[in-house]
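The structure appears right after this line, and notes come after that.
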Amino acid sequence: MGHDAREMPFFFQKPADAVVVCSNSITKENNTNIIPYPTMTNNLHYEAELIVAIWKDGLHIPVESAMDHVYM
């Protein structure tokens with residue numbers, strides 16, 4: 001977001017009620033999602049998270065059985 005100085009890493013919490021559900025607005029001309037936000041907002045930044053949930057313990061797992069350890 002334009003900030004070059006490195007800061008020490010930090011941890012933060014994202015509670016379940018922070019999730020914003022998008023509604024689809026699909027027409028022949030476009031396929032967009034509508035994100036509700038306050039109307040006075042001038043600069044909206046969004047964030048997406050990718051989560052891989054580990055299902056069971058493992059050590060030195062062969063590549064072919066790695067997905068057995070991922071929750072689906």
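Scheme for the structure tokens: letters A, B, ... for chains in order shown; per-chain residue numbers from 1; ligand numbers from 1 in order shown.
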Task: Test item: residues at most 9 Å from region 52-59 of chain A, only C-alpha atoms, excluding those fewer than 2 positions along its chain, as a PyMOL selection string - done: chain A and resi 50+61+66+68-72
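Note that the spacing between CA of Tyr37 (chain A) and CA of Val19 (chain A) amounts to 12.1 Å.
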